[in-house]
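Q: I am attaching a structure below and will ask some questions about it afterwards.
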Amino acid sequence: MSGNSYLPRKLHSLLGVIPLGLFFIEHALTNYSAFEGGQQGFVDAVHGIHKLPLVFFIELFIIWLPILFHGVYGLYIAYQSNLNTGRFSYGRNWAFALQRISGVITLIFVFWHVWNTRVQVALGNTTYEQLGSHMHEIVNQPVYFAIYFIAVIAAVFHFSNGLWSFLVSWGITVGPRAQRVSSNICIGIFVIVSVLFLLSLFAFRGAEFAPSAAAAAISTATFG
Amino acid sequence: MAETATKQRTVKFIITRRERPESAPYTEEFEVPYRPNMNVISALMEIQRNPVKADGGKTAPVCWESNCLEEVCGACSMVINGKPRQACSALVDKLEQPIRLEPMSTFPVVRDLVINRERMFQALKKVKAWIPIDGTYDLGPGPRMAETKRQWAYELSKCMTCGVCLEACPNVNERNSFIGPAAISQVRLFNAHPTGEMNEHERLEALMDDGGIEGCGNSQNCVRSCPKGIPLTTSIAAINKDTTKHMFKKWLTM
Ligand code: SF4
Ligand code: FES
């Protein structure tokens, strides 16, 4: 390979946390509003975001471009590794392997998920108000629910473990004790964010998000 | 009575062999007479004296490399029962049998268990793992080193360029130009030295080049495998910190 790979690799690590990690947390919280506030809470949360000024540019520079770079360069990083957990079955080596596997799963899932949601809104096939019932229809199909379940766990793992690696790669956690403490914190983050996402997945399955019930909620939201 | 006494205990070896660098590997089995306290090297010496396979067929003696026989030169590194380590310190009594010997195939295999560790020495040259003191006149004694620093730096100086950490690393392979953990730790060693510190930026910049420290993916197999117990992952993180600082310093002063 020619050229310097130090900067792109550093950028890859940074983008995973800022902005992608921050967006990921924001996404978890928005979804969680579906569990906490039901249909109305979710619609309000989605509206809150889409009222942001210059939302198109925020999406472009905070989400789409970083994901594209992080994803494509990440595939290259995964390609450059020889997974050897068979010979060295240490915890960190497993995390190394899973980081690459979960990254590929997440990338494929994100394309599919964005196609199903954001792109459908852009195409006019659904609206932000109907997103909740749209999700209800998706996650009530067992196969899609399983895909969402696995992909969400993979994405949360990729984020939490990536955060741990980021701290090492930027020279923030240097010694073994610091790396152990950050590892425990990242495990905590993994558990909390997973629960947030999974609760919202289950919430979307509820009857409240069924298209008819949702339509009623929207009409009260609009005319009430 | 003589019958039972001559039924000698043997140790079984399965060895991955190869005649030439480009030829295909194959395995051969050997039954070596057991002697108390024998190690893998003494078993290989026995095979050299009597190159007969377990099935009784004659074969060419198995080739390997060794020097110090006390785990300080690194020449005898090979994969023993799946793990890279030194053959001279691998005691047969402590190994599960049959004992499987393979070359560390992350490196070019020369023949049988002999590998070429050239890339490690190239890496040391690339990062300038030395302290330049040559000149036309006597420079006098260098600055003193703090004792606390000397203690941890001494641990890093134990590296014998054995290659075990590169063999264990999932990112040292033919698709990746990663320099490997050993050279990164040596940069930390020479940058810690009060005189070596004067050329700190040259070593950091060598690691910020293609194939440098960015190749580390934090699997941390190296630190678990190093026979000298060198804190490789601490060295890597410390150099991550130094290269990051160096990057910002360059941006802001350019
Ligand atoms: S750091 Fe340890 S494993 Fe790596 S070459 Fe040096 S002595 Fe061998
Ligand atoms: S012969 Fe020197 S380390 Fe084994």
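Chain lettering (A, B, ...) mirrors the order of the structure tokens, residue numbering begins at 1 for each chain separately, and ligand numbering begins at 1 in order of display.
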If we count only C-alpha atoms and set the cut-off at 12 Å, which residues sit around Lys245 in chain B, ignoring sequence neighbours fewer than 5 positions away in its own chain? Please answer as a PDB file with N, CA and C atoms, in the first residue's frame.
A:
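Saved to result36.pdb:
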ATOM      1  N   TRP A 170      -5.607   6.862  20.876  1.00  0.00           N
ATOM      2  CA  TRP A 170      -5.261   8.274  21.001  1.00  0.00           C
ATOM      3  C   TRP A 170      -4.357   8.510  22.202  1.00  0.00           C
ATOM      4  N   GLY A 171      -3.932   7.441  22.832  1.00  0.00           N
ATOM      5  CA  GLY A 171      -2.975   7.568  23.931  1.00  0.00           C
ATOM      6  C   GLY A 171      -3.578   8.157  25.183  1.00  0.00           C
ATOM      7  N   ILE A 172      -4.883   7.947  25.402  1.00  0.00           N
ATOM      8  CA  ILE A 172      -5.524   8.492  26.603  1.00  0.00           C
ATOM      9  C   ILE A 172      -5.426   7.486  27.758  1.00  0.00           C
TER      10      ILE A 172
ATOM     11  N   HIS B 201      11.838  12.882  17.672  1.00  0.00           N
ATOM     12  CA  HIS B 201      10.910  13.132  16.564  1.00  0.00           C
ATOM     13  C   HIS B 201      11.180  12.217  15.364  1.00  0.00           C
ATOM     14  N   LEU B 204       9.491   8.925  16.135  1.00  0.00           N
ATOM     15  CA  LEU B 204       8.026   9.052  16.094  1.00  0.00           C
ATOM     16  C   LEU B 204       7.551   9.166  14.656  1.00  0.00           C
ATOM     17  N   GLU B 205       8.273   9.948  13.866  1.00  0.00           N
ATOM     18  CA  GLU B 205       7.839  10.126  12.480  1.00  0.00           C
ATOM     19  C   GLU B 205       7.953   8.830  11.683  1.00  0.00           C
ATOM     20  N   MET B 208       4.875   7.135  12.247  1.00  0.00           N
ATOM     21  CA  MET B 208       3.680   7.780  11.702  1.00  0.00           C
ATOM     22  C   MET B 208       3.646   7.629  10.188  1.00  0.00           C
ATOM     23  N   ALA B 238       1.625   4.320  24.976  1.00  0.00           N
ATOM     24  CA  ALA B 238       2.459   5.492  25.280  1.00  0.00           C
ATOM     25  C   ALA B 238       2.937   6.145  23.986  1.00  0.00           C
ATOM     26  N   ILE B 239       3.286   5.330  23.002  1.00  0.00           N
ATOM     27  CA  ILE B 239       3.740   5.887  21.724  1.00  0.00           C
ATOM     28  C   ILE B 239       2.550   6.445  20.937  1.00  0.00           C
ATOM     29  N   ASN B 240       1.365   5.862  21.133  1.00  0.00           N
ATOM     30  CA  ASN B 240       0.159   6.465  20.549  1.00  0.00           C
ATOM     31  C   ASN B 240      -0.008   7.892  21.064  1.00  0.00           C
ATOM     32  N   LYS B 250       3.002  19.487  15.192  1.00  0.00           N
ATOM     33  CA  LYS B 250       3.410  19.808  13.823  1.00  0.00           C
ATOM     34  C   LYS B 250       2.366  20.664  13.117  1.00  0.00           C
ATOM     35  N   TRP B 251       1.100  20.311  13.315  1.00  0.00           N
ATOM     36  CA  TRP B 251       0.030  21.090  12.679  1.00  0.00           C
ATOM     37  C   TRP B 251       0.061  22.535  13.144  1.00  0.00           C
ATOM     38  N   LEU B 252       0.264  22.707  14.446  1.00  0.00           N
ATOM     39  CA  LEU B 252       0.129  24.036  15.011  1.00  0.00           C
ATOM     40  C   LEU B 252       1.386  24.896  14.819  1.00  0.00           C
TER      41      LEU B 252
END
Q: Would you give me, as number ranges by chain, the residues of chain B that come within 7 Å of chain A, using only C-alpha atoms?
A: B: 82, 170-171, 175-176, 208-210, 214, 217-221, 234, 237-238, 240-241, 244
Q: What residues have any atom no more than 6 Å from ligand 1 when counting only C-alpha atoms and all ligand atoms, and can you list them as a list in words?
A: Cys159, Met160, Thr161, Cys162, Gly163, Val164, Cys165, Ala182, Cys226, Pro227, Lys228 and Ile230 of chain B
Q: Let's have the selection written as a compact mmCIF listing (two decimals), in the first residue's frame, with N, CA and C atoms.
A:
# COMPACT_ATOMS: atom_id res chain seq x y z
N CYS B 159 14.17 -6.99 25.22
CA CYS B 159 13.69 -7.57 23.95
C CYS B 159 14.84 -8.22 23.20
N MET B 160 14.59 -9.45 22.73
CA MET B 160 15.64 -10.20 22.01
C MET B 160 15.26 -10.39 20.54
N THR B 161 14.31 -9.58 20.06
CA THR B 161 13.92 -9.62 18.65
C THR B 161 13.57 -11.05 18.21
N CYS B 162 12.89 -11.75 19.11
CA CYS B 162 12.61 -13.17 18.85
C CYS B 162 11.48 -13.35 17.84
N GLY B 163 10.57 -12.37 17.73
CA GLY B 163 9.51 -12.47 16.72
C GLY B 163 8.22 -13.09 17.23
N VAL B 164 8.18 -13.52 18.49
CA VAL B 164 6.97 -14.16 19.02
C VAL B 164 5.78 -13.20 18.98
N CYS B 165 6.04 -11.92 19.31
CA CYS B 165 4.91 -10.97 19.34
C CYS B 165 4.37 -10.72 17.93
N ALA B 182 7.28 -5.14 18.59
CA ALA B 182 8.63 -5.06 19.16
C ALA B 182 9.29 -3.71 18.85
N CYS B 226 4.76 -12.36 24.92
CA CYS B 226 6.19 -12.03 25.01
C CYS B 226 6.87 -12.83 26.12
N PRO B 227 7.91 -13.60 25.77
CA PRO B 227 8.58 -14.42 26.78
C PRO B 227 9.33 -13.59 27.81
N LYS B 228 9.63 -12.34 27.47
CA LYS B 228 10.37 -11.48 28.39
C LYS B 228 9.44 -10.63 29.24
N ILE B 230 7.62 -8.17 28.45
CA ILE B 230 7.71 -6.75 28.14
C ILE B 230 6.29 -6.16 28.03
Q: Write out as a PDB file with N, CA and C atoms, in the first residue's frame the set of residues from range 32-247 of chain B that DSSP, computed on the backbone, places in strand (DSSP E).
A:
ATOM      1  N   VAL B  32      11.246 -39.946  20.131  1.00  0.00           N
ATOM      2  CA  VAL B  32      12.571 -39.648  20.667  1.00  0.00           C
ATOM      3  C   VAL B  32      12.693 -40.272  22.053  1.00  0.00           C
ATOM      4  N   PRO B  33      13.812 -40.984  22.344  1.00  0.00           N
ATOM      5  CA  PRO B  33      13.979 -41.562  23.691  1.00  0.00           C
ATOM      6  C   PRO B  33      13.915 -40.479  24.758  1.00  0.00           C
ATOM      7  N   SER B  77      12.983 -19.448  18.286  1.00  0.00           N
ATOM      8  CA  SER B  77      11.529 -19.293  18.343  1.00  0.00           C
ATOM      9  C   SER B  77      10.840 -20.191  17.318  1.00  0.00           C
ATOM     10  N   MET B  78       9.801 -20.860  17.750  1.00  0.00           N
ATOM     11  CA  MET B  78       8.981 -21.676  16.842  1.00  0.00           C
ATOM     12  C   MET B  78       7.613 -21.869  17.481  1.00  0.00           C
ATOM     13  N   VAL B  79       6.693 -22.435  16.727  1.00  0.00           N
ATOM     14  CA  VAL B  79       5.350 -22.651  17.270  1.00  0.00           C
ATOM     15  C   VAL B  79       5.308 -24.039  17.886  1.00  0.00           C
ATOM     16  N   ILE B  80       5.150 -24.088  19.208  1.00  0.00           N
ATOM     17  CA  ILE B  80       5.155 -25.360  19.934  1.00  0.00           C
ATOM     18  C   ILE B  80       3.770 -25.587  20.505  1.00  0.00           C
ATOM     19  N   LYS B  83       1.487 -22.517  20.157  1.00  0.00           N
ATOM     20  CA  LYS B  83       1.877 -21.205  20.672  1.00  0.00           C
ATOM     21  C   LYS B  83       3.336 -20.891  20.293  1.00  0.00           C
ATOM     22  N   PRO B  84       3.581 -19.654  19.831  1.00  0.00           N
ATOM     23  CA  PRO B  84       4.964 -19.296  19.520  1.00  0.00           C
ATOM     24  C   PRO B  84       5.761 -19.109  20.811  1.00  0.00           C
ATOM     25  N   ARG B  85       6.958 -19.679  20.869  1.00  0.00           N
ATOM     26  CA  ARG B  85       7.803 -19.559  22.061  1.00  0.00           C
ATOM     27  C   ARG B  85       9.202 -20.058  21.739  1.00  0.00           C
ATOM     28  N   GLN B  86      10.088 -20.013  22.750  1.00  0.00           N
ATOM     29  CA  GLN B  86      11.457 -20.465  22.516  1.00  0.00           C
ATOM     30  C   GLN B  86      11.554 -21.970  22.775  1.00  0.00           C
ATOM     31  N   ILE B  99       4.028 -33.681  20.880  1.00  0.00           N
ATOM     32  CA  ILE B  99       4.478 -32.293  20.810  1.00  0.00           C
ATOM     33  C   ILE B  99       4.539 -31.884  19.336  1.00  0.00           C
ATOM     34  N   ARG B 100       3.795 -30.847  19.015  1.00  0.00           N
ATOM     35  CA  ARG B 100       3.767 -30.377  17.622  1.00  0.00           C
ATOM     36  C   ARG B 100       4.685 -29.186  17.444  1.00  0.00           C
ATOM     37  N   LEU B 101       5.607 -29.292  16.508  1.00  0.00           N
ATOM     38  CA  LEU B 101       6.526 -28.194  16.212  1.00  0.00           C
ATOM     39  C   LEU B 101       6.239 -27.667  14.810  1.00  0.00           C
ATOM     40  N   GLU B 102       6.086 -26.346  14.720  1.00  0.00           N
ATOM     41  CA  GLU B 102       5.885 -25.718  13.402  1.00  0.00           C
ATOM     42  C   GLU B 102       6.765 -24.477  13.335  1.00  0.00           C
ATOM     43  N   VAL B 109       9.743 -18.879   5.673  1.00  0.00           N
ATOM     44  CA  VAL B 109      10.375 -20.104   6.162  1.00  0.00           C
ATOM     45  C   VAL B 109      11.542 -20.443   5.244  1.00  0.00           C
ATOM     46  N   VAL B 110      12.710 -20.661   5.830  1.00  0.00           N
ATOM     47  CA  VAL B 110      13.898 -21.000   5.041  1.00  0.00           C
ATOM     48  C   VAL B 110      13.933 -22.503   4.801  1.00  0.00           C
ATOM     49  N   ARG B 111      13.828 -23.253   5.893  1.00  0.00           N
ATOM     50  CA  ARG B 111      13.762 -24.695   5.806  1.00  0.00           C
ATOM     51  C   ARG B 111      13.300 -25.255   7.148  1.00  0.00           C
ATOM     52  N   VAL B 114      13.452 -23.331  10.457  1.00  0.00           N
ATOM     53  CA  VAL B 114      14.287 -22.136  10.340  1.00  0.00           C
ATOM     54  C   VAL B 114      13.519 -21.048   9.602  1.00  0.00           C
ATOM     55  N   ILE B 115      13.454 -19.870  10.222  1.00  0.00           N
ATOM     56  CA  ILE B 115      12.752 -18.756   9.584  1.00  0.00           C
ATOM     57  C   ILE B 115      13.709 -17.586   9.408  1.00  0.00           C
TER      58      ILE B 115
END
Q: Could you give me, as a count of residues only, every polymer residue with an atom at most 7 Å away from an atom of ligand 2, counting only C-alpha atoms and all ligand atoms?
A: 16
Q: Pick out each residue of range 86-138 of chain A that DSSP on the backbone tags as helix (DSSP H, G or I); I need them as number ranges by chain.
A: A: 91-122, 131-138
Q: Next, write the just-selected residues to a file, as a short mmCIF file (atom, residue, chain, number, x, y, z; two decimals), in the first residue's frame, keeping N, CA, C and O atoms as the atom set.
A:
data_model
loop_
_atom_site.label_atom_id
_atom_site.label_comp_id
_atom_site.auth_asym_id
_atom_site.auth_seq_id
_atom_site.Cartn_x
_atom_site.Cartn_y
_atom_site.Cartn_z
N GLY A 91 -9.54 -12.83 25.89
CA GLY A 91 -10.69 -11.93 25.81
C GLY A 91 -10.49 -10.78 24.84
O GLY A 91 -11.33 -10.49 24.00
N ARG A 92 -9.35 -10.11 24.95
CA ARG A 92 -9.11 -8.95 24.09
C ARG A 92 -8.99 -9.35 22.62
O ARG A 92 -9.40 -8.62 21.73
N ASN A 93 -8.45 -10.53 22.38
CA ASN A 93 -8.34 -10.97 20.99
C ASN A 93 -9.72 -11.28 20.42
O ASN A 93 -9.99 -11.02 19.25
N TRP A 94 -10.60 -11.80 21.27
CA TRP A 94 -11.99 -12.02 20.85
C TRP A 94 -12.66 -10.68 20.53
O TRP A 94 -13.37 -10.55 19.53
N ALA A 95 -12.39 -9.70 21.40
CA ALA A 95 -12.97 -8.37 21.16
C ALA A 95 -12.45 -7.82 19.83
O ALA A 95 -13.20 -7.21 19.07
N PHE A 96 -11.17 -8.04 19.56
CA PHE A 96 -10.57 -7.60 18.29
C PHE A 96 -11.31 -8.23 17.11
O PHE A 96 -11.68 -7.55 16.15
N ALA A 97 -11.54 -9.54 17.19
CA ALA A 97 -12.22 -10.24 16.09
C ALA A 97 -13.67 -9.76 15.98
O ALA A 97 -14.14 -9.43 14.88
N LEU A 98 -14.36 -9.69 17.12
CA LEU A 98 -15.77 -9.29 17.10
C LEU A 98 -15.93 -7.84 16.63
O LEU A 98 -16.95 -7.50 16.02
N GLN A 99 -14.94 -7.01 16.92
CA GLN A 99 -15.00 -5.62 16.47
C GLN A 99 -15.12 -5.57 14.95
O GLN A 99 -15.88 -4.79 14.39
N ARG A 100 -14.33 -6.43 14.28
CA ARG A 100 -14.36 -6.46 12.83
C ARG A 100 -15.64 -7.09 12.30
O ARG A 100 -16.25 -6.59 11.35
N ILE A 101 -16.06 -8.20 12.93
CA ILE A 101 -17.27 -8.88 12.48
C ILE A 101 -18.49 -7.97 12.71
O ILE A 101 -19.31 -7.77 11.81
N SER A 102 -18.59 -7.38 13.91
CA SER A 102 -19.74 -6.53 14.21
C SER A 102 -19.75 -5.29 13.32
O SER A 102 -20.81 -4.78 12.98
N GLY A 103 -18.56 -4.82 12.95
CA GLY A 103 -18.49 -3.66 12.06
C GLY A 103 -19.11 -3.96 10.71
O GLY A 103 -19.88 -3.15 10.18
N VAL A 104 -18.79 -5.14 10.16
CA VAL A 104 -19.34 -5.50 8.86
C VAL A 104 -20.86 -5.68 8.96
O VAL A 104 -21.61 -5.17 8.12
N ILE A 105 -21.31 -6.36 10.02
CA ILE A 105 -22.76 -6.55 10.22
C ILE A 105 -23.44 -5.18 10.31
O ILE A 105 -24.45 -4.92 9.65
N THR A 106 -22.86 -4.29 11.12
CA THR A 106 -23.48 -2.97 11.32
C THR A 106 -23.55 -2.19 10.01
O THR A 106 -24.58 -1.58 9.71
N LEU A 107 -22.49 -2.24 9.22
CA LEU A 107 -22.48 -1.47 7.97
C LEU A 107 -23.59 -1.94 7.04
O LEU A 107 -24.35 -1.13 6.49
N ILE A 108 -23.70 -3.26 6.88
CA ILE A 108 -24.74 -3.80 5.99
C ILE A 108 -26.12 -3.41 6.53
O ILE A 108 -26.98 -2.94 5.80
N PHE A 109 -26.27 -3.58 7.86
CA PHE A 109 -27.56 -3.26 8.48
C PHE A 109 -27.93 -1.79 8.31
O PHE A 109 -29.08 -1.46 8.01
N VAL A 110 -26.93 -0.91 8.48
CA VAL A 110 -27.22 0.52 8.40
C VAL A 110 -27.75 0.88 7.01
O VAL A 110 -28.73 1.63 6.89
N PHE A 111 -27.15 0.31 5.98
CA PHE A 111 -27.64 0.59 4.63
C PHE A 111 -29.10 0.16 4.48
O PHE A 111 -29.94 0.91 3.98
N TRP A 112 -29.38 -1.04 4.94
CA TRP A 112 -30.74 -1.58 4.82
C TRP A 112 -31.73 -0.76 5.64
O TRP A 112 -32.81 -0.41 5.19
N HIS A 113 -31.31 -0.43 6.86
CA HIS A 113 -32.16 0.30 7.80
C HIS A 113 -32.44 1.73 7.29
O HIS A 113 -33.57 2.21 7.36
N VAL A 114 -31.42 2.38 6.74
CA VAL A 114 -31.60 3.74 6.22
C VAL A 114 -32.51 3.70 5.00
O VAL A 114 -33.37 4.55 4.81
N TRP A 115 -32.32 2.67 4.19
CA TRP A 115 -33.19 2.49 3.02
C TRP A 115 -34.64 2.35 3.46
O TRP A 115 -35.55 2.96 2.89
N ASN A 116 -34.85 1.57 4.51
CA ASN A 116 -36.19 1.30 5.01
C ASN A 116 -36.87 2.47 5.67
O ASN A 116 -38.09 2.53 5.74
N THR A 117 -36.07 3.38 6.23
CA THR A 117 -36.67 4.46 7.02
C THR A 117 -36.45 5.82 6.36
O THR A 117 -37.33 6.35 5.70
N ARG A 118 -35.23 6.34 6.49
CA ARG A 118 -34.96 7.69 6.01
C ARG A 118 -35.21 7.84 4.51
O ARG A 118 -35.81 8.83 4.07
N VAL A 119 -34.79 6.87 3.72
CA VAL A 119 -34.96 6.97 2.27
C VAL A 119 -36.45 6.90 1.91
O VAL A 119 -36.90 7.61 1.02
N GLN A 120 -37.20 6.06 2.63
CA GLN A 120 -38.64 5.96 2.35
C GLN A 120 -39.35 7.29 2.65
O GLN A 120 -40.28 7.67 1.95
N VAL A 121 -38.87 7.99 3.69
CA VAL A 121 -39.42 9.31 3.98
C VAL A 121 -39.08 10.26 2.84
O VAL A 121 -39.94 10.99 2.33
N ALA A 122 -37.82 10.21 2.39
CA ALA A 122 -37.38 11.10 1.32
C ALA A 122 -38.16 10.83 0.03
O ALA A 122 -38.48 11.75 -0.72
N LEU A 131 -43.50 7.02 10.97
CA LEU A 131 -42.32 6.16 11.16
C LEU A 131 -42.55 5.09 12.22
O LEU A 131 -42.15 3.94 12.06
N GLY A 132 -43.25 5.49 13.30
CA GLY A 132 -43.50 4.55 14.39
C GLY A 132 -44.29 3.34 13.91
O GLY A 132 -43.91 2.20 14.18
N SER A 133 -45.36 3.58 13.16
CA SER A 133 -46.16 2.45 12.68
C SER A 133 -45.43 1.69 11.58
O SER A 133 -45.57 0.48 11.43
N HIS A 134 -44.59 2.43 10.84
CA HIS A 134 -43.74 1.79 9.84
C HIS A 134 -42.81 0.78 10.52
O HIS A 134 -42.68 -0.37 10.09
N MET A 135 -42.20 1.22 11.63
CA MET A 135 -41.32 0.32 12.40
C MET A 135 -42.13 -0.84 12.97
O MET A 135 -41.66 -1.98 13.02
N HIS A 136 -43.36 -0.53 13.41
CA HIS A 136 -44.23 -1.58 13.97
C HIS A 136 -44.41 -2.71 12.96
O HIS A 136 -44.30 -3.88 13.30
N GLU A 137 -44.63 -2.32 11.71
CA GLU A 137 -44.82 -3.34 10.67
C GLU A 137 -43.56 -4.14 10.44
O GLU A 137 -43.60 -5.35 10.22
N ILE A 138 -42.42 -3.47 10.49
CA ILE A 138 -41.15 -4.19 10.24
C ILE A 138 -40.86 -5.18 11.37
O ILE A 138 -40.66 -6.37 11.14
#
Q: So which one's closest to Tyr148 in chain A, A:Phe42, A:Phe56, A:Phe202, A:Tyr76? Using only C-alpha atoms, please.
A: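 That would be A:Phe202, the residue with the smallest distance to Tyr148 in chain A.
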Q: Determine, counting only C-alpha atoms, which protein, DNA and RNA residues have an atom within 6 Å of an atom of range 180-188 of chain A; residues of the same chain fewer than 3 positions away are not included. Present the result as a list in words.
A: Ser160, Arg177 and Val191 of chain A
Q: Keeping all heavy atoms, export the residues of the selection given above as a short mmCIF file (atom, residue, chain, number, x, y, z; two decimals), in the first residue's frame.
A:
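What landed in selection.cif:
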data_model
loop_
_atom_site.label_atom_id
_atom_site.label_comp_id
_atom_site.auth_asym_id
_atom_site.auth_seq_id
_atom_site.Cartn_x
_atom_site.Cartn_y
_atom_site.Cartn_z
N SER A 160 -19.22 0.34 21.77
CA SER A 160 -18.61 0.33 23.11
C SER A 160 -17.15 -0.10 23.03
O SER A 160 -16.27 0.49 23.65
CB SER A 160 -19.35 -0.60 24.06
OG SER A 160 -20.68 -0.71 23.73
N ARG A 177 -3.85 -0.60 34.20
CA ARG A 177 -4.95 -0.31 35.13
C ARG A 177 -5.97 0.60 34.44
O ARG A 177 -7.17 0.35 34.48
CB ARG A 177 -4.42 0.36 36.40
CG ARG A 177 -5.47 0.46 37.51
CD ARG A 177 -5.05 1.51 38.54
NE ARG A 177 -4.85 2.80 37.89
CZ ARG A 177 -5.77 3.75 37.80
NH1 ARG A 177 -6.95 3.57 38.34
NH2 ARG A 177 -5.51 4.88 37.17
N VAL A 191 -24.06 -2.42 28.09
CA VAL A 191 -25.30 -2.92 28.69
C VAL A 191 -26.40 -1.86 28.62
O VAL A 191 -27.51 -2.13 28.16
CB VAL A 191 -25.04 -3.35 30.16
CG1 VAL A 191 -26.34 -3.70 30.85
CG2 VAL A 191 -24.07 -4.53 30.20
#
Q: Neighbouring residues of Ala146 in chain B were defined as those with any atom within 10 Å, considering only C-alpha atoms; residues of the same chain fewer than 5 positions away were excluded. Please report them as a PDB file with C-alpha atoms, in the first residue's frame.
A:
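Listing of around-v1.pdb after writing:
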ATOM      1  CA  GLN B 151      13.854   0.613  36.048  1.00  0.00           C
ATOM      2  CA  HIS B 193      16.975   7.681  27.131  1.00  0.00           C
ATOM      3  CA  PRO B 194      18.189  11.212  27.969  1.00  0.00           C
TER       4      PRO B 194
END
